[in-house]
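*Asks:* Attaching a single structure in structure tokens format; questions to follow.
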Amino acid sequence: MALEGSLRDFDLFSLFNMIKTQGKSGTLVLSRAQEFVKIFFDQGEIVGCDSNQVRMEDRVGAMLVRLGRLSGEELMAMIHRQRQTLKRMGTLLLESGRVSPQDLQDALFNQAMSIIYRTFRWVEGDYRFDSILPQELDRENFPAIPVDTVLMEAARIMDEWPEVQRRLPDNGLPLRKTAYGANLHLDIDKDLSKVLDGGSMNVEGSGLTHEQETVLTYFSTSTSIQNVLQISRYDELDTCKIIAQLLEAGVLEVSTEAEEHRPNVWSMPPTAGRESAPPQGPSFLFWPAVAVLLAFPLAFYVPHSRASLNQGLASLQRADVQVSTDPVTMSRQVWAFRMASPADGGEELAKSLGCYLDVHQRIQDLTKYPNPLTPTPPDKAQETPANP
């Protein structure tokens, strides 16, 4: 039986404690609006985590690109290979020799904790715990995490986060380096600077810590805090602290220009990077061709006379000029014309209406038949006039 409810009635601290104390195994699904997070437990310990906002493997791949372990093109090729082989991204990364097993474990741990800690800041949401544990979890590269470790760190984040959030602008606003920040010579680039300067100039240090310089490199172009959090090698709280420090030091500022955001090359689908031809309007021959195609059937296909071979569109003619081939109907038509104009047998009236009338056609005298609208006595029902 599933356990479900609202986070307003049962907070995450109590929920995690209950799962740990009872040693439960299963999947905890936390949802808020269009976002949901899945946390996998095995005997009360966390053995996996996932989110529909950013896949774990994409976050790890982006972090490895930022660390210089992979290029964007190499990661795209690896993602394409993963779709073909259906292997885990962690397995492909290890096979490539770009990362060690310990590096991969650290990356998965940091990214999972970042997702979990963010859910502890949810003010509202729903939870559901099912005793179903997926079999395809990466147990080898994702060691079990004790719940106590998560709760202790989550408590610290809950205490510090309101102050950090107060010092930051909205996560969606783009930030960029100030003129001062752009002219800083970072210590992590000091060796490269000395080589480019011929090794004769003393480059003054930036005065920033190694962590601050690392986060500053994420702002090579104007980008938002939300995008940086997805690729940062540090957890979300520490990354936000560093960004706040850089803003207060005048190294970063909010960008006032409406710059177009381009997604990271490794997060785009394989066909997204292909250049497409700009949309063009129809050729100058398009509308003349449409007019010809419409005029042709109107001129040659639609019948204009009763003698036309096209009987399929006969309904386009007037109902009173349609040609009838039914003998009974033709006989009644001739009779109607003769009764309406007995002087000439209805010939002129038929011509005026565009109907062909065979004046020599022999027809029955319909007046000798009983009126169908008048009840016929039973003794006369068998009487039938002879044909003239």
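In the structure tokens, each chain is lettered A, B, ... as it comes, each chain's residues begin at 1, and ligands are numbered from 1 in order of appearance.
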Would you please give, as a ChimeraX atom specification, all residues of stretch 108-171 of chain A that DSSP assigns to alpha helix (DSSP H) based on the backbone?

*Replies:* /A:108-119,147-166

*Asks:* Write out as a list of chain:residue names the residues lying within 12 Å of A:Glu160, counting only C-alpha atoms and excluding same-chain residues fewer than 2 positions away.

*Replies:*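 The residues that qualify are A:Arg121, A:Glu153, A:Ala154, A:Ala155, A:Arg156, A:Ile157, A:Met158, A:Pro162, A:Glu163, A:Val164, A:Gln165, A:Arg166, A:Arg167, A:Glu236, A:Leu237, A:Asp238, A:Cys240, A:Lys241.
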
*Asks:* For A:Ser352, which residue among A:Leu247, A:Phe296, A:Phe13, A:Phe337 is the nearest when counting only C-alpha atoms?

*Replies:*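 Going through A:Leu247, A:Phe296, A:Phe13, A:Phe337 one by one, the smallest distance to A:Ser352 is for A:Phe337.
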
*Asks:* Enumerate the residues of stretch 57-179 of chain A with a DSSP assignment of strand (DSSP E), computed from the backbone, and present them as a list in words.

*Replies:*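 The strand (DSSP E) residues within stretch 57-179 of chain A come out as Asp126, Tyr127, Arg128, Phe129, Asp130, Pro174, Leu175, Arg176 and Lys177 of chain A.
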
*Asks:* Could you tell me how far atom CA of A:Phe41 sits from atom CA of A:Glu124, in Å to one decimal place?

*Replies:*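 Here the two named atoms are 22.2 Å from each other.
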
*Asks:* Under the rule that only C-alpha atoms are counted, which of A:Ser206, A:Ser96, A:Asn110, A:Gln245 is the nearest residue to A:Gln230?

*Replies:*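 Distance minimum relative to A:Gln230 lands on A:Asn110.
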
*Asks:* For the interface of stretch 103-146 of chain A with stretch 77-94 of chain A (cut-off 12 Å, counting only C-alpha atoms), please tabulate each contacting residue of stretch 103-146 of chain A alongside its nearest pair of atoms and their separation in Å to one decimal, rows sorted by chain and increasing number, as a Markdown table.

*Replies:*
| residue | atom | partner | partner_atom | distance |
| --- | --- | --- | --- | --- |
| A:Asp103 | CA | A:Leu94 | CA | 9.7 |
| A:Leu104 | CA | A:Gly90 | CA | 7.0 |
| A:Gln105 | CA | A:Gly90 | CA | 9.2 |
| A:Asp106 | CA | A:Gly90 | CA | 11.9 |
| A:Ala107 | CA | A:Gly90 | CA | 10.2 |
| A:Leu108 | CA | A:Gly90 | CA | 9.2 |
| A:Glu136 | CA | A:Arg88 | CA | 9.7 |
| A:Leu137 | CA | A:Arg88 | CA | 10.0 |
| A:Asp138 | CA | A:Arg88 | CA | 8.3 |
| A:Arg139 | CA | A:Gly90 | CA | 11.2 |
| A:Glu140 | CA | A:Gly90 | CA | 9.7 |
| A:Asn141 | CA | A:Gly90 | CA | 7.5 |
| A:Phe142 | CA | A:Gly90 | CA | 9.9 |
